[in-house]
Amino acid sequence: MTIGQAMIPEFDMEMANTRRVLERIPDDKWDWKIHPRSNTIGWVANHLADIPGWVEMTLCHDSLDVEPVAGQPYRSPSESSTAGVLSLFDKNVAEGRQLLETVEDEKLVEPWSLLKQGQVMMTFPRLVVLRTWVLNHTIHHRAHLCVYLRVNEVPVPGLYGPSGDDTGPA
């Protein structure tokens, strides 16, 4: 079994949990935000739909320049509905999973860099990028979205066990 294949059970679980949260977003809350300096529910949903696509970016490219000197800056997707976000999320998850299934271990220890205007912001082995900027980053933003759902009285699904909505008030 390769390292990528060993990552698949965790990837599958975290992506399934993330999809369960994304499914709960009411379209009429798309522009809601918890604080003026916070992102909207729609932005967080689009970001979560985009993150599994970073598996391809990490494994098929040596770097990403988020703001290239002679080009367009990296842009998050801008789906305007839960259905659109779920479609993008499902596409990115399927592609990411396939790449994890087939990536060779040697590729995962090669460096990958994040750049801004051609300047290296960070360089890590691709495996670290996948763990940190795909899996952990997904969990981080999914938690934000769960809080956003909770304060909007939208039932939050259980992720690693029952949620308060599954069991009732404490």
# chains A, B, ... in the order shown; residues from 1 in each chain; ligands from 1
call {"tool": "closest_atom_pairs", "arguments": {"of": "region 109-142 of chain A", "to": "region 72-88 of chain A", "cutoff": "12 Å", "atoms": "only C-alpha atoms", "output": "JSON lines"}}
result
{"residue": "A:Leu114", "atom": "CA", "partner": "A:Tyr74", "partner_atom": "CA", "distance": 11.4}
{"residue": "A:Leu115", "atom": "CA", "partner": "A:Tyr74", "partner_atom": "CA", "distance": 10.9}
{"residue": "A:Lys116", "atom": "CA", "partner": "A:Pro73", "partner_atom": "CA", "distance": 9.1}
{"residue": "A:Gln117", "atom": "CA", "partner": "A:Pro73", "partner_atom": "CA", "distance": 9.3}
{"residue": "A:Gly118", "atom": "CA", "partner": "A:Pro73", "partner_atom": "CA", "distance": 11.7}
call {"tool": "write_last_selection", "arguments": {"atoms": "all heavy atoms", "output": "compact mmCIF listing (two decimals), in the first residue's frame"}}
result
# COMPACT_ATOMS: atom_id res chain seq x y z
N LEU A 114 4.49 27.48 -2.23
CA LEU A 114 3.47 28.51 -2.39
C LEU A 114 4.20 29.83 -2.59
O LEU A 114 5.10 30.17 -1.81
CB LEU A 114 2.57 28.59 -1.14
CG LEU A 114 1.44 29.60 -1.21
CD1 LEU A 114 0.42 29.21 -2.28
CD2 LEU A 114 0.75 29.72 0.14
N LEU A 115 3.84 30.52 -3.67
CA LEU A 115 4.51 31.76 -4.04
C LEU A 115 3.52 32.91 -4.06
O LEU A 115 2.31 32.72 -4.23
CB LEU A 115 5.11 31.64 -5.45
CG LEU A 115 5.94 30.41 -5.78
CD1 LEU A 115 6.26 30.36 -7.27
CD2 LEU A 115 7.21 30.39 -4.97
N LYS A 116 4.06 34.11 -3.92
CA LYS A 116 3.28 35.34 -4.12
C LYS A 116 4.19 36.31 -4.86
O LYS A 116 5.27 36.64 -4.35
CB LYS A 116 2.82 35.92 -2.78
CG LYS A 116 1.95 37.17 -2.95
CD LYS A 116 1.42 37.63 -1.61
CE LYS A 116 0.53 38.84 -1.81
NZ LYS A 116 -0.01 39.31 -0.54
N GLN A 117 3.78 36.70 -6.04
CA GLN A 117 4.56 37.56 -6.91
C GLN A 117 5.96 37.00 -7.12
O GLN A 117 6.95 37.72 -7.10
CB GLN A 117 4.59 38.98 -6.40
CG GLN A 117 3.21 39.61 -6.39
CD GLN A 117 3.22 41.08 -6.04
OE1 GLN A 117 4.19 41.61 -5.51
NE2 GLN A 117 2.12 41.73 -6.34
N GLY A 118 6.02 35.68 -7.31
CA GLY A 118 7.28 35.01 -7.59
C GLY A 118 8.15 34.73 -6.38
O GLY A 118 9.15 34.03 -6.49
call {"tool": "residues_around", "arguments": {"residues": "region 5-9 of chain A", "least_positions_apart": "6", "cutoff": "7 Å", "atoms": "only C-alpha atoms", "output": "MDAnalysis selection string"}}
result
chainID A and resid 97 100:101
call {"tool": "write_last_selection", "arguments": {"atoms": "N, CA and C atoms", "output": "PDB file, in the first residue's frame"}}
result
ATOM      1  N   ARG A  97      -9.332  12.094  -4.820  1.00  0.00           N
ATOM      2  CA  ARG A  97      -9.261  10.699  -4.368  1.00  0.00           C
ATOM      3  C   ARG A  97      -8.520   9.835  -5.384  1.00  0.00           C
ATOM      4  N   LEU A 100      -4.828  10.470  -5.105  1.00  0.00           N
ATOM      5  CA  LEU A 100      -4.255   9.806  -3.927  1.00  0.00           C
ATOM      6  C   LEU A 100      -4.098   8.306  -4.159  1.00  0.00           C
ATOM      7  N   GLU A 101      -5.024   7.742  -4.857  1.00  0.00           N
ATOM      8  CA  GLU A 101      -4.983   6.297  -5.156  1.00  0.00           C
ATOM      9  C   GLU A 101      -3.753   5.938  -5.992  1.00  0.00           C
TER      10      GLU A 101
END
call {"tool": "select_by_dssp", "arguments": {"residues": "region 9-165 of chain A", "states": "strand (DSSP E or B)", "output": "PyMOL selection string"}}
result
chain A and resi 63-65+111-116+119-125
call {"tool": "residues_around", "arguments": {"residues": "Val120 (chain A)", "least_positions_apart": "5", "cutoff": "12 Å", "atoms": "only C-alpha atoms", "output": "ChimeraX atom specification"}}
result
/A:62-68,111-115
call {"tool": "write_last_selection", "arguments": {"atoms": "N, CA, C and O atoms", "output": "PDB file, in the first residue's frame"}}
result
ATOM      1  N   ASP A  62       4.393  21.965  -9.352  1.00  0.00           N
ATOM      2  CA  ASP A  62       5.467  22.142  -8.384  1.00  0.00           C
ATOM      3  C   ASP A  62       5.235  23.314  -7.441  1.00  0.00           C
ATOM      4  O   ASP A  62       5.891  23.425  -6.413  1.00  0.00           O
ATOM      5  N   SER A  63       4.301  24.195  -7.823  1.00  0.00           N
ATOM      6  CA  SER A  63       4.064  25.372  -6.996  1.00  0.00           C
ATOM      7  C   SER A  63       2.754  26.030  -7.415  1.00  0.00           C
ATOM      8  O   SER A  63       2.161  25.684  -8.433  1.00  0.00           O
ATOM      9  N   LEU A  64       2.342  26.991  -6.608  1.00  0.00           N
ATOM     10  CA  LEU A  64       1.216  27.859  -6.940  1.00  0.00           C
ATOM     11  C   LEU A  64       1.639  29.272  -6.589  1.00  0.00           C
ATOM     12  O   LEU A  64       2.069  29.526  -5.460  1.00  0.00           O
ATOM     13  N   ASP A  65       1.520  30.159  -7.558  1.00  0.00           N
ATOM     14  CA  ASP A  65       1.743  31.581  -7.297  1.00  0.00           C
ATOM     15  C   ASP A  65       0.368  32.209  -7.177  1.00  0.00           C
ATOM     16  O   ASP A  65      -0.376  32.297  -8.153  1.00  0.00           O
ATOM     17  N   VAL A  66      -0.003  32.609  -5.966  1.00  0.00           N
ATOM     18  CA  VAL A  66      -1.353  33.123  -5.713  1.00  0.00           C
ATOM     19  C   VAL A  66      -1.569  34.514  -6.298  1.00  0.00           C
ATOM     20  O   VAL A  66      -2.712  34.955  -6.448  1.00  0.00           O
ATOM     21  N   GLU A  67      -0.470  35.173  -6.617  1.00  0.00           N
ATOM     22  CA  GLU A  67      -0.563  36.516  -7.191  1.00  0.00           C
ATOM     23  C   GLU A  67       0.615  36.722  -8.140  1.00  0.00           C
ATOM     24  O   GLU A  67       1.534  37.497  -7.858  1.00  0.00           O
ATOM     25  N   PRO A  68       0.596  36.040  -9.305  1.00  0.00           N
ATOM     26  CA  PRO A  68       1.743  36.135 -10.207  1.00  0.00           C
ATOM     27  C   PRO A  68       1.931  37.561 -10.733  1.00  0.00           C
ATOM     28  O   PRO A  68       0.966  38.298 -10.916  1.00  0.00           O
ATOM     29  N   PRO A 111       9.444  18.521  -2.895  1.00  0.00           N
ATOM     30  CA  PRO A 111       8.982  19.824  -2.395  1.00  0.00           C
ATOM     31  C   PRO A 111       7.904  20.441  -3.271  1.00  0.00           C
ATOM     32  O   PRO A 111       7.853  20.219  -4.483  1.00  0.00           O
ATOM     33  N   TRP A 112       7.047  21.194  -2.626  1.00  0.00           N
ATOM     34  CA  TRP A 112       6.014  22.004  -3.281  1.00  0.00           C
ATOM     35  C   TRP A 112       6.047  23.370  -2.626  1.00  0.00           C
ATOM     36  O   TRP A 112       6.216  23.475  -1.406  1.00  0.00           O
ATOM     37  N   SER A 113       5.897  24.430  -3.436  1.00  0.00           N
ATOM     38  CA  SER A 113       6.017  25.784  -2.904  1.00  0.00           C
ATOM     39  C   SER A 113       4.783  26.621  -3.184  1.00  0.00           C
ATOM     40  O   SER A 113       4.165  26.509  -4.245  1.00  0.00           O
ATOM     41  N   LEU A 114       4.485  27.481  -2.231  1.00  0.00           N
ATOM     42  CA  LEU A 114       3.465  28.511  -2.387  1.00  0.00           C
ATOM     43  C   LEU A 114       4.200  29.826  -2.593  1.00  0.00           C
ATOM     44  O   LEU A 114       5.095  30.171  -1.811  1.00  0.00           O
ATOM     45  N   LEU A 115       3.835  30.524  -3.674  1.00  0.00           N
ATOM     46  CA  LEU A 115       4.506  31.758  -4.044  1.00  0.00           C
ATOM     47  C   LEU A 115       3.515  32.914  -4.060  1.00  0.00           C
ATOM     48  O   LEU A 115       2.314  32.719  -4.230  1.00  0.00           O
TER      49      LEU A 115
END
call {"tool": "select_by_dssp", "arguments": {"residues": "chain A", "states": "alpha helix (DSSP H)", "output": "PyMOL selection string"}}
result
chain A and resi 3-22+41-50+54-60+82-102+105-108+126-129+137-151+164-167
call {"tool": "write_last_selection", "arguments": {"atoms": "C-alpha atoms", "output": "compact mmCIF listing (two decimals), in the first residue's frame"}}
result
# COMPACT_ATOMS: atom_id res chain seq x y z
CA ILE A 3 1.19 6.49 1.40
CA GLY A 4 -1.50 8.02 -0.81
CA GLN A 5 -3.61 4.88 -0.56
CA ALA A 6 -3.13 4.86 3.22
CA MET A 7 -4.51 8.43 3.32
CA ILE A 8 -7.73 7.50 1.50
CA PRO A 9 -9.79 6.32 4.53
CA GLU A 10 -9.13 9.60 6.35
CA PHE A 11 -9.70 11.63 3.16
CA ASP A 12 -12.99 9.80 2.53
CA MET A 13 -14.19 10.33 6.11
CA GLU A 14 -13.31 14.03 6.23
CA MET A 15 -14.79 14.71 2.79
CA ALA A 16 -18.00 12.83 3.67
CA ASN A 17 -18.30 14.80 6.91
CA THR A 18 -17.67 18.05 5.04
CA ARG A 19 -20.33 17.21 2.46
CA ARG A 20 -22.83 16.53 5.26
CA VAL A 21 -22.21 20.04 6.60
CA LEU A 22 -22.34 21.68 3.17
CA ILE A 41 -21.44 31.44 4.63
CA GLY A 42 -21.28 31.38 0.81
CA TRP A 43 -17.58 32.23 0.81
CA VAL A 44 -16.81 29.50 3.36
CA ALA A 45 -18.88 26.99 1.37
CA ASN A 46 -17.05 27.86 -1.86
CA HIS A 47 -13.70 27.63 -0.10
CA LEU A 48 -14.59 24.19 1.26
CA ALA A 49 -15.66 23.06 -2.20
CA ASP A 50 -12.35 24.28 -3.62
CA TRP A 54 -5.80 21.39 -4.06
CA VAL A 55 -4.85 17.70 -4.19
CA GLU A 56 -4.45 18.13 -7.96
CA MET A 57 -2.63 21.43 -7.51
CA THR A 58 -0.24 19.83 -5.03
CA LEU A 59 0.45 16.60 -6.89
CA CYS A 60 0.42 17.80 -10.50
CA THR A 82 -25.67 24.94 -2.16
CA ALA A 83 -26.33 22.76 -5.23
CA GLY A 84 -23.52 24.48 -7.14
CA VAL A 85 -21.09 24.13 -4.24
CA LEU A 86 -21.94 20.44 -3.80
CA SER A 87 -21.38 19.78 -7.50
CA LEU A 88 -17.95 21.45 -7.41
CA PHE A 89 -17.08 19.73 -4.13
CA ASP A 90 -18.02 16.28 -5.49
CA LYS A 91 -15.94 16.83 -8.65
CA ASN A 92 -12.90 17.95 -6.66
CA VAL A 93 -13.22 15.12 -4.14
CA ALA A 94 -13.44 12.48 -6.89
CA GLU A 95 -10.40 13.88 -8.69
CA GLY A 96 -8.41 14.22 -5.45
CA ARG A 97 -9.26 10.70 -4.37
CA GLN A 98 -8.15 9.27 -7.72
CA LEU A 99 -4.84 11.11 -7.46
CA LEU A 100 -4.26 9.81 -3.93
CA GLU A 101 -4.98 6.30 -5.16
CA THR A 102 -2.29 6.51 -7.83
CA ASP A 105 5.46 7.66 -2.56
CA GLU A 106 8.49 9.36 -4.12
CA LYS A 107 6.26 12.18 -5.38
CA LEU A 108 4.94 12.84 -1.86
CA ARG A 126 3.86 17.46 -0.89
CA LEU A 127 2.66 15.09 1.84
CA VAL A 128 2.83 17.90 4.40
CA VAL A 129 0.90 20.17 2.02
CA HIS A 137 -7.58 23.16 6.40
CA THR A 138 -10.87 21.47 5.47
CA ILE A 139 -11.53 20.57 9.11
CA HIS A 140 -10.73 24.13 10.19
CA HIS A 141 -13.19 25.78 7.79
CA ARG A 142 -15.81 23.09 8.31
CA ALA A 143 -15.76 24.00 12.01
CA HIS A 144 -16.40 27.64 11.10
CA LEU A 145 -19.33 26.57 8.98
CA CYS A 146 -20.75 24.45 11.81
CA VAL A 147 -20.72 27.50 14.09
CA TYR A 148 -22.39 29.58 11.37
CA LEU A 149 -25.09 26.93 11.00
CA ARG A 150 -25.60 26.66 14.76
CA VAL A 151 -26.12 30.39 15.31
CA GLY A 164 -26.31 18.34 20.03
CA ASP A 165 -28.95 18.28 17.31
CA ASP A 166 -28.81 14.50 17.23
CA THR A 167 -29.13 14.09 21.00
call {"tool": "atom_distance", "arguments": {"atom1": "CA of Pro155 (chain A)", "atom2": "CA of Val134 (chain A)"}}
result
25.3 Å
call {"tool": "atom_distance", "arguments": {"atom1": "CA of Trp32 (chain A)", "atom2": "CA of Asn152 (chain A)"}}
result
9.2 Å
call {"tool": "decode", "arguments": {"residues": "region 8-38 of chain A", "atoms": "N, CA, C and O atoms", "output": "PDB file, in the first residue's frame"}}
result
ATOM      1  N   ILE A   8      -6.369   7.490   2.049  1.00  0.00           N
ATOM      2  CA  ILE A   8      -7.727   7.499   1.504  1.00  0.00           C
ATOM      3  C   ILE A   8      -8.819   7.317   2.561  1.00  0.00           C
ATOM      4  O   ILE A   8      -9.822   8.044   2.520  1.00  0.00           O
ATOM      5  N   PRO A   9      -8.707   6.417   3.532  1.00  0.00           N
ATOM      6  CA  PRO A   9      -9.790   6.323   4.526  1.00  0.00           C
ATOM      7  C   PRO A   9     -10.038   7.641   5.271  1.00  0.00           C
ATOM      8  O   PRO A   9     -11.186   8.038   5.481  1.00  0.00           O
ATOM      9  N   GLU A  10      -8.968   8.320   5.669  1.00  0.00           N
ATOM     10  CA  GLU A  10      -9.131   9.603   6.346  1.00  0.00           C
ATOM     11  C   GLU A  10      -9.704  10.646   5.391  1.00  0.00           C
ATOM     12  O   GLU A  10     -10.605  11.412   5.757  1.00  0.00           O
ATOM     13  N   PHE A  11      -9.191  10.703   4.166  1.00  0.00           N
ATOM     14  CA  PHE A  11      -9.703  11.635   3.157  1.00  0.00           C
ATOM     15  C   PHE A  11     -11.191  11.388   2.936  1.00  0.00           C
ATOM     16  O   PHE A  11     -11.994  12.329   2.958  1.00  0.00           O
ATOM     17  N   ASP A  12     -11.571  10.134   2.753  1.00  0.00           N
ATOM     18  CA  ASP A  12     -12.987   9.804   2.534  1.00  0.00           C
ATOM     19  C   ASP A  12     -13.855  10.244   3.712  1.00  0.00           C
ATOM     20  O   ASP A  12     -14.928  10.819   3.515  1.00  0.00           O
ATOM     21  N   MET A  13     -13.397   9.975   4.933  1.00  0.00           N
ATOM     22  CA  MET A  13     -14.186  10.332   6.110  1.00  0.00           C
ATOM     23  C   MET A  13     -14.339  11.850   6.227  1.00  0.00           C
ATOM     24  O   MET A  13     -15.445  12.355   6.445  1.00  0.00           O
ATOM     25  N   GLU A  14     -13.234  12.585   6.076  1.00  0.00           N
ATOM     26  CA  GLU A  14     -13.310  14.035   6.226  1.00  0.00           C
ATOM     27  C   GLU A  14     -14.112  14.680   5.098  1.00  0.00           C
ATOM     28  O   GLU A  14     -14.850  15.647   5.329  1.00  0.00           O
ATOM     29  N   MET A  15     -14.012  14.150   3.907  1.00  0.00           N
ATOM     30  CA  MET A  15     -14.788  14.707   2.794  1.00  0.00           C
ATOM     31  C   MET A  15     -16.277  14.375   2.957  1.00  0.00           C
ATOM     32  O   MET A  15     -17.138  15.223   2.702  1.00  0.00           O
ATOM     33  N   ALA A  16     -16.590  13.181   3.431  1.00  0.00           N
ATOM     34  CA  ALA A  16     -17.997  12.827   3.668  1.00  0.00           C
ATOM     35  C   ALA A  16     -18.586  13.711   4.765  1.00  0.00           C
ATOM     36  O   ALA A  16     -19.719  14.205   4.641  1.00  0.00           O
ATOM     37  N   ASN A  17     -17.826  13.923   5.837  1.00  0.00           N
ATOM     38  CA  ASN A  17     -18.296  14.805   6.909  1.00  0.00           C
ATOM     39  C   ASN A  17     -18.491  16.230   6.401  1.00  0.00           C
ATOM     40  O   ASN A  17     -19.473  16.903   6.756  1.00  0.00           O
ATOM     41  N   THR A  18     -17.571  16.691   5.587  1.00  0.00           N
ATOM     42  CA  THR A  18     -17.675  18.047   5.040  1.00  0.00           C
ATOM     43  C   THR A  18     -18.894  18.165   4.144  1.00  0.00           C
ATOM     44  O   THR A  18     -19.632  19.159   4.211  1.00  0.00           O
ATOM     45  N   ARG A  19     -19.145  17.165   3.331  1.00  0.00           N
ATOM     46  CA  ARG A  19     -20.327  17.207   2.462  1.00  0.00           C
ATOM     47  C   ARG A  19     -21.604  17.271   3.295  1.00  0.00           C
ATOM     48  O   ARG A  19     -22.542  17.996   2.971  1.00  0.00           O
ATOM     49  N   ARG A  20     -21.642  16.527   4.385  1.00  0.00           N
ATOM     50  CA  ARG A  20     -22.831  16.526   5.257  1.00  0.00           C
ATOM     51  C   ARG A  20     -23.102  17.916   5.815  1.00  0.00           C
ATOM     52  O   ARG A  20     -24.255  18.315   5.988  1.00  0.00           O
ATOM     53  N   VAL A  21     -22.045  18.664   6.112  1.00  0.00           N
ATOM     54  CA  VAL A  21     -22.211  20.035   6.604  1.00  0.00           C
ATOM     55  C   VAL A  21     -22.639  20.948   5.457  1.00  0.00           C
ATOM     56  O   VAL A  21     -23.576  21.745   5.606  1.00  0.00           O
ATOM     57  N   LEU A  22     -21.987  20.836   4.313  1.00  0.00           N
ATOM     58  CA  LEU A  22     -22.342  21.677   3.165  1.00  0.00           C
ATOM     59  C   LEU A  22     -23.802  21.493   2.754  1.00  0.00           C
ATOM     60  O   LEU A  22     -24.462  22.463   2.369  1.00  0.00           O
ATOM     61  N   GLU A  23     -24.295  20.265   2.841  1.00  0.00           N
ATOM     62  CA  GLU A  23     -25.690  19.982   2.454  1.00  0.00           C
ATOM     63  C   GLU A  23     -26.698  20.760   3.293  1.00  0.00           C
ATOM     64  O   GLU A  23     -27.824  20.978   2.852  1.00  0.00           O
ATOM     65  N   ARG A  24     -26.309  21.158   4.482  1.00  0.00           N
ATOM     66  CA  ARG A  24     -27.237  21.817   5.409  1.00  0.00           C
ATOM     67  C   ARG A  24     -27.424  23.315   5.131  1.00  0.00           C
ATOM     68  O   ARG A  24     -28.305  23.933   5.705  1.00  0.00           O
ATOM     69  N   ILE A  25     -26.587  23.898   4.291  1.00  0.00           N
ATOM     70  CA  ILE A  25     -26.620  25.348   4.107  1.00  0.00           C
ATOM     71  C   ILE A  25     -27.895  25.770   3.385  1.00  0.00           C
ATOM     72  O   ILE A  25     -28.139  25.350   2.257  1.00  0.00           O
ATOM     73  N   PRO A  26     -28.708  26.620   4.011  1.00  0.00           N
ATOM     74  CA  PRO A  26     -29.874  27.156   3.316  1.00  0.00           C
ATOM     75  C   PRO A  26     -29.425  28.233   2.322  1.00  0.00           C
ATOM     76  O   PRO A  26     -28.603  29.090   2.662  1.00  0.00           O
ATOM     77  N   ASP A  27     -29.942  28.175   1.106  1.00  0.00           N
ATOM     78  CA  ASP A  27     -29.554  29.160   0.099  1.00  0.00           C
ATOM     79  C   ASP A  27     -29.865  30.588   0.541  1.00  0.00           C
ATOM     80  O   ASP A  27     -29.167  31.520   0.144  1.00  0.00           O
ATOM     81  N   ASP A  28     -30.867  30.764   1.388  1.00  0.00           N
ATOM     82  CA  ASP A  28     -31.205  32.135   1.813  1.00  0.00           C
ATOM     83  C   ASP A  28     -30.238  32.683   2.863  1.00  0.00           C
ATOM     84  O   ASP A  28     -30.344  33.850   3.260  1.00  0.00           O
ATOM     85  N   LYS A  29     -29.260  31.894   3.292  1.00  0.00           N
ATOM     86  CA  LYS A  29     -28.251  32.353   4.259  1.00  0.00           C
ATOM     87  C   LYS A  29     -26.892  32.593   3.584  1.00  0.00           C
ATOM     88  O   LYS A  29     -25.899  32.861   4.254  1.00  0.00           O
ATOM     89  N   TRP A  30     -26.835  32.501   2.281  1.00  0.00           N
ATOM     90  CA  TRP A  30     -25.585  32.553   1.530  1.00  0.00           C
ATOM     91  C   TRP A  30     -24.740  33.786   1.860  1.00  0.00           C
ATOM     92  O   TRP A  30     -23.525  33.713   1.950  1.00  0.00           O
ATOM     93  N   ASP A  31     -25.383  34.925   2.047  1.00  0.00           N
ATOM     94  CA  ASP A  31     -24.663  36.181   2.290  1.00  0.00           C
ATOM     95  C   ASP A  31     -24.528  36.531   3.773  1.00  0.00           C
ATOM     96  O   ASP A  31     -23.976  37.577   4.110  1.00  0.00           O
ATOM     97  N   TRP A  32     -24.994  35.647   4.649  1.00  0.00           N
ATOM     98  CA  TRP A  32     -24.920  35.911   6.078  1.00  0.00           C
ATOM     99  C   TRP A  32     -23.476  35.776   6.543  1.00  0.00           C
ATOM    100  O   TRP A  32     -22.722  34.919   6.104  1.00  0.00           O
ATOM    101  N   LYS A  33     -23.077  36.645   7.482  1.00  0.00           N
ATOM    102  CA  LYS A  33     -21.782  36.495   8.143  1.00  0.00           C
ATOM    103  C   LYS A  33     -21.924  36.839   9.609  1.00  0.00           C
ATOM    104  O   LYS A  33     -22.753  37.663   9.998  1.00  0.00           O
ATOM    105  N   ILE A  34     -21.096  36.207  10.416  1.00  0.00           N
ATOM    106  CA  ILE A  34     -21.201  36.312  11.862  1.00  0.00           C
ATOM    107  C   ILE A  34     -20.649  37.630  12.389  1.00  0.00           C
ATOM    108  O   ILE A  34     -21.006  38.071  13.465  1.00  0.00           O
ATOM    109  N   HIS A  35     -19.767  38.262  11.634  1.00  0.00           N
ATOM    110  CA  HIS A  35     -19.096  39.479  12.081  1.00  0.00           C
ATOM    111  C   HIS A  35     -18.669  40.256  10.836  1.00  0.00           C
ATOM    112  O   HIS A  35     -18.388  39.635   9.806  1.00  0.00           O
ATOM    113  N   PRO A  36     -18.604  41.572  10.918  1.00  0.00           N
ATOM    114  CA  PRO A  36     -18.208  42.351   9.737  1.00  0.00           C
ATOM    115  C   PRO A  36     -16.856  41.958   9.140  1.00  0.00           C
ATOM    116  O   PRO A  36     -16.663  42.076   7.931  1.00  0.00           O
ATOM    117  N   ARG A  37     -15.926  41.480   9.951  1.00  0.00           N
ATOM    118  CA  ARG A  37     -14.612  41.078   9.421  1.00  0.00           C
ATOM    119  C   ARG A  37     -14.563  39.601   9.025  1.00  0.00           C
ATOM    120  O   ARG A  37     -13.516  39.121   8.582  1.00  0.00           O
ATOM    121  N   SER A  38     -15.662  38.893   9.186  1.00  0.00           N
ATOM    122  CA  SER A  38     -15.719  37.475   8.831  1.00  0.00           C
ATOM    123  C   SER A  38     -16.195  37.309   7.398  1.00  0.00           C
ATOM    124  O   SER A  38     -16.785  38.212   6.812  1.00  0.00           O
TER     125      SER A  38
END
